[in-house]
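Working notes, structure below.
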Amino acid sequence: MAGLHFRKYHQDACQKAGCSNSNLSIRMALSAYRSFGFTAKGDPRHQCKGCGSTFSLGSATRRHKRTDQTGSILLNLVNKVPLSRICEINGVTFPQIYSKVDFIYRQCLAMSAAREGDLARCLARKDQFFATDAQTILLNWPVRGRRGTVPLLHMSTVGNPPRK
């Protein structure tokens, strides 16, 4: 499971490679960090007692210049709009699009990790109900010279907690 790997990474821990506190979250080990003031935007800054490096915690969009563009860029990407056209529509540059794609990827991983965190508790119960749906979507041919469709299998499983 990809989310299991993501849950082991703590964003609120020391980011320096080789530090003894690199896997210790601030919430798990308060004694491993000290408060080190605030950033210019007011986010709390912390210092690792192991290596002395500093880091700050803030919202996921704290370094974004234009947060209103994320939804539009995601919609265009999902609808297979070419990158050059996305630049033209939204008035952004290629590096900004790549930055938004990275941001969306990290947010998807975080959401998946949060859902997978509840999976063990969900599976511990005896009366589980799962619904699975599968669809085969036929896509247009990938090569102009060879006509034909490409089948894409899409499957989803959803767990429903029992009613009390």
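We label chains A, B, ... in the order they appear in the structure tokens, count residues from 1 in each chain, and number ligands from 1 in the order shown.
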
Self-check item: DSSP strand (DSSP E) residues within range 6-160 of chain A, as a PyMOL selection string
Solution: chain A and resi 33-38+44-48+54-56+129-139+150-160

Q.
Applying 12 Å and only C-alpha atoms, which residues near range 11-27 of chain A remain after dropping the ones on its own chain fewer than 6 positions away? List them as a VMD selection string.
A. chain A and resid 33 to 35 44 to 60 106 110

Could you write out the selected residues, including C-alpha atoms, as a PDB file, in the first residue's frame?
```
ATOM      1  CA  TYR A  33      12.468  20.030  19.728  1.00  0.00           C
ATOM      2  CA  ARG A  34      12.390  23.559  21.070  1.00  0.00           C
ATOM      3  CA  SER A  35      10.293  26.508  20.003  1.00  0.00           C
ATOM      4  CA  PRO A  44       5.583  28.564  14.435  1.00  0.00           C
ATOM      5  CA  ARG A  45       9.240  27.671  13.860  1.00  0.00           C
ATOM      6  CA  HIS A  46      10.948  24.789  15.695  1.00  0.00           C
ATOM      7  CA  GLN A  47      14.582  23.788  16.242  1.00  0.00           C
ATOM      8  CA  CYS A  48      15.782  20.205  16.467  1.00  0.00           C
ATOM      9  CA  LYS A  49      17.813  19.558  19.614  1.00  0.00           C
ATOM     10  CA  GLY A  50      19.677  16.734  17.871  1.00  0.00           C
ATOM     11  CA  CYS A  51      21.210  18.597  14.924  1.00  0.00           C
ATOM     12  CA  GLY A  52      20.219  22.245  15.439  1.00  0.00           C
ATOM     13  CA  SER A  53      18.341  22.635  12.134  1.00  0.00           C
ATOM     14  CA  THR A  54      15.133  24.669  12.055  1.00  0.00           C
ATOM     15  CA  PHE A  55      11.832  24.089  10.276  1.00  0.00           C
ATOM     16  CA  SER A  56       8.368  25.565  10.369  1.00  0.00           C
ATOM     17  CA  LEU A  57       4.871  24.188  10.100  1.00  0.00           C
ATOM     18  CA  GLY A  58       2.132  25.944   8.233  1.00  0.00           C
ATOM     19  CA  SER A  59      -0.731  25.423   5.861  1.00  0.00           C
ATOM     20  CA  ALA A  60      -0.202  23.348   2.737  1.00  0.00           C
ATOM     21  CA  ARG A 106       1.086  15.544  -2.114  1.00  0.00           C
ATOM     22  CA  ALA A 110      -2.092  12.884   2.448  1.00  0.00           C
TER      23      ALA A 110
END
```

(Q) Among range 13-148 of chain A, which residues does DSSP mark as helix (DSSP H, G or I) when it is run on the backbone? Keep the chain and numbering as in the structure and answer as number ranges by chain. (A) A: 30-32, 69-78, 83-90, 94-117, 119-124

Output file for the selection above: N, CA and C atoms, as a compact mmCIF listing (two decimals), in the first residue's frame:
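Saved to again-v8.txt:
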```
# COMPACT_ATOMS: atom_id res chain seq x y z
N LEU A 30 7.96 15.78 22.27
CA LEU A 30 8.10 17.22 22.51
C LEU A 30 9.49 17.59 23.00
N SER A 31 10.14 16.68 23.72
CA SER A 31 11.45 16.99 24.29
C SER A 31 12.56 17.01 23.24
N ALA A 32 12.30 16.55 22.02
CA ALA A 32 13.33 16.51 20.98
C ALA A 32 13.44 17.83 20.23
N GLN A 69 -5.88 29.30 -8.45
CA GLN A 69 -5.65 28.62 -9.72
C GLN A 69 -5.62 27.10 -9.60
N THR A 70 -5.47 26.56 -8.40
CA THR A 70 -5.27 25.13 -8.23
C THR A 70 -6.46 24.32 -8.78
N GLY A 71 -7.66 24.70 -8.44
CA GLY A 71 -8.84 23.98 -8.91
C GLY A 71 -8.99 24.02 -10.42
N SER A 72 -8.75 25.17 -11.00
CA SER A 72 -8.85 25.32 -12.45
C SER A 72 -7.80 24.48 -13.17
N ILE A 73 -6.57 24.49 -12.64
CA ILE A 73 -5.50 23.70 -13.25
C ILE A 73 -5.80 22.21 -13.13
N LEU A 74 -6.30 21.77 -11.97
CA LEU A 74 -6.66 20.37 -11.80
C LEU A 74 -7.77 19.96 -12.77
N LEU A 75 -8.77 20.79 -12.92
CA LEU A 75 -9.86 20.50 -13.84
C LEU A 75 -9.35 20.39 -15.27
N ASN A 76 -8.45 21.28 -15.67
CA ASN A 76 -7.89 21.22 -17.01
C ASN A 76 -7.04 19.98 -17.21
N LEU A 77 -6.27 19.59 -16.20
CA LEU A 77 -5.45 18.38 -16.32
C LEU A 77 -6.32 17.14 -16.45
N VAL A 78 -7.38 17.07 -15.65
CA VAL A 78 -8.28 15.91 -15.71
C VAL A 78 -8.98 15.84 -17.06
N LEU A 83 -0.69 21.28 -21.79
CA LEU A 83 -0.07 22.19 -20.82
C LEU A 83 0.05 23.61 -21.37
N SER A 84 0.39 23.74 -22.65
CA SER A 84 0.52 25.09 -23.21
C SER A 84 -0.82 25.82 -23.19
N ARG A 85 -1.90 25.09 -23.40
CA ARG A 85 -3.23 25.70 -23.35
C ARG A 85 -3.61 26.05 -21.91
N ILE A 86 -3.21 25.22 -20.94
CA ILE A 86 -3.46 25.52 -19.53
C ILE A 86 -2.75 26.82 -19.15
N CYS A 87 -1.52 26.99 -19.64
CA CYS A 87 -0.79 28.24 -19.39
C CYS A 87 -1.55 29.44 -19.93
N GLU A 88 -2.09 29.28 -21.12
CA GLU A 88 -2.81 30.37 -21.77
C GLU A 88 -4.13 30.68 -21.06
N ILE A 89 -4.86 29.64 -20.68
CA ILE A 89 -6.17 29.82 -20.03
C ILE A 89 -6.02 30.48 -18.66
N ASN A 90 -5.07 29.98 -17.86
CA ASN A 90 -4.94 30.42 -16.47
C ASN A 90 -3.93 31.54 -16.26
N PHE A 94 4.91 27.37 -17.05
CA PHE A 94 5.11 25.93 -16.91
C PHE A 94 5.61 25.55 -15.51
N PRO A 95 6.60 26.26 -14.94
CA PRO A 95 7.02 25.90 -13.57
C PRO A 95 5.88 26.00 -12.55
N GLN A 96 4.98 26.96 -12.73
CA GLN A 96 3.84 27.07 -11.82
C GLN A 96 2.90 25.87 -11.96
N ILE A 97 2.71 25.41 -13.20
CA ILE A 97 1.87 24.22 -13.41
C ILE A 97 2.51 23.01 -12.76
N TYR A 98 3.82 22.83 -12.96
CA TYR A 98 4.51 21.69 -12.36
C TYR A 98 4.44 21.75 -10.84
N SER A 99 4.54 22.94 -10.29
CA SER A 99 4.43 23.11 -8.84
C SER A 99 3.03 22.72 -8.36
N LYS A 100 2.00 23.11 -9.10
CA LYS A 100 0.62 22.75 -8.74
C LYS A 100 0.41 21.24 -8.84
N VAL A 101 0.99 20.61 -9.86
CA VAL A 101 0.87 19.15 -10.00
C VAL A 101 1.51 18.46 -8.80
N ASP A 102 2.70 18.93 -8.39
CA ASP A 102 3.35 18.36 -7.22
C ASP A 102 2.50 18.56 -5.97
N PHE A 103 1.91 19.73 -5.83
CA PHE A 103 1.05 20.03 -4.68
C PHE A 103 -0.17 19.11 -4.66
N ILE A 104 -0.82 18.94 -5.81
CA ILE A 104 -1.99 18.08 -5.89
C ILE A 104 -1.61 16.64 -5.56
N TYR A 105 -0.45 16.21 -6.02
CA TYR A 105 0.04 14.86 -5.73
C TYR A 105 0.23 14.66 -4.22
N ARG A 106 0.87 15.65 -3.56
CA ARG A 106 1.09 15.54 -2.11
C ARG A 106 -0.24 15.53 -1.36
N GLN A 107 -1.20 16.33 -1.81
CA GLN A 107 -2.51 16.36 -1.15
C GLN A 107 -3.24 15.03 -1.32
N CYS A 108 -3.13 14.42 -2.49
CA CYS A 108 -3.75 13.11 -2.72
C CYS A 108 -3.11 12.05 -1.82
N LEU A 109 -1.79 12.10 -1.68
CA LEU A 109 -1.11 11.16 -0.80
C LEU A 109 -1.54 11.36 0.65
N ALA A 110 -1.68 12.61 1.07
CA ALA A 110 -2.09 12.88 2.45
C ALA A 110 -3.51 12.39 2.70
N MET A 111 -4.40 12.58 1.72
CA MET A 111 -5.77 12.10 1.88
C MET A 111 -5.79 10.57 1.92
N SER A 112 -5.01 9.94 1.05
CA SER A 112 -4.94 8.48 1.04
C SER A 112 -4.37 7.96 2.36
N ALA A 113 -3.36 8.61 2.89
CA ALA A 113 -2.77 8.19 4.16
C ALA A 113 -3.77 8.31 5.30
N ALA A 114 -4.56 9.38 5.29
CA ALA A 114 -5.57 9.55 6.33
C ALA A 114 -6.62 8.45 6.25
N ARG A 115 -7.02 8.10 5.04
CA ARG A 115 -8.00 7.03 4.87
C ARG A 115 -7.42 5.69 5.27
N GLU A 116 -6.17 5.43 4.90
CA GLU A 116 -5.55 4.15 5.23
C GLU A 116 -5.25 4.05 6.72
N GLY A 117 -5.12 5.17 7.40
CA GLY A 117 -4.93 5.15 8.84
C GLY A 117 -6.13 4.56 9.56
N LEU A 119 -8.01 2.27 8.18
CA LEU A 119 -8.28 0.94 7.63
C LEU A 119 -8.12 -0.17 8.66
N ALA A 120 -7.08 -0.12 9.48
CA ALA A 120 -6.86 -1.18 10.48
C ALA A 120 -8.01 -1.23 11.48
N ARG A 121 -8.47 -0.07 11.92
CA ARG A 121 -9.59 -0.01 12.85
C ARG A 121 -10.87 -0.53 12.19
N CYS A 122 -11.04 -0.21 10.93
CA CYS A 122 -12.22 -0.66 10.19
C CYS A 122 -12.22 -2.17 10.00
N LEU A 123 -11.06 -2.73 9.68
CA LEU A 123 -10.98 -4.17 9.44
C LEU A 123 -11.03 -4.99 10.72
N ALA A 124 -10.82 -4.36 11.88
CA ALA A 124 -10.85 -5.07 13.15
C ALA A 124 -12.26 -5.51 13.53
```
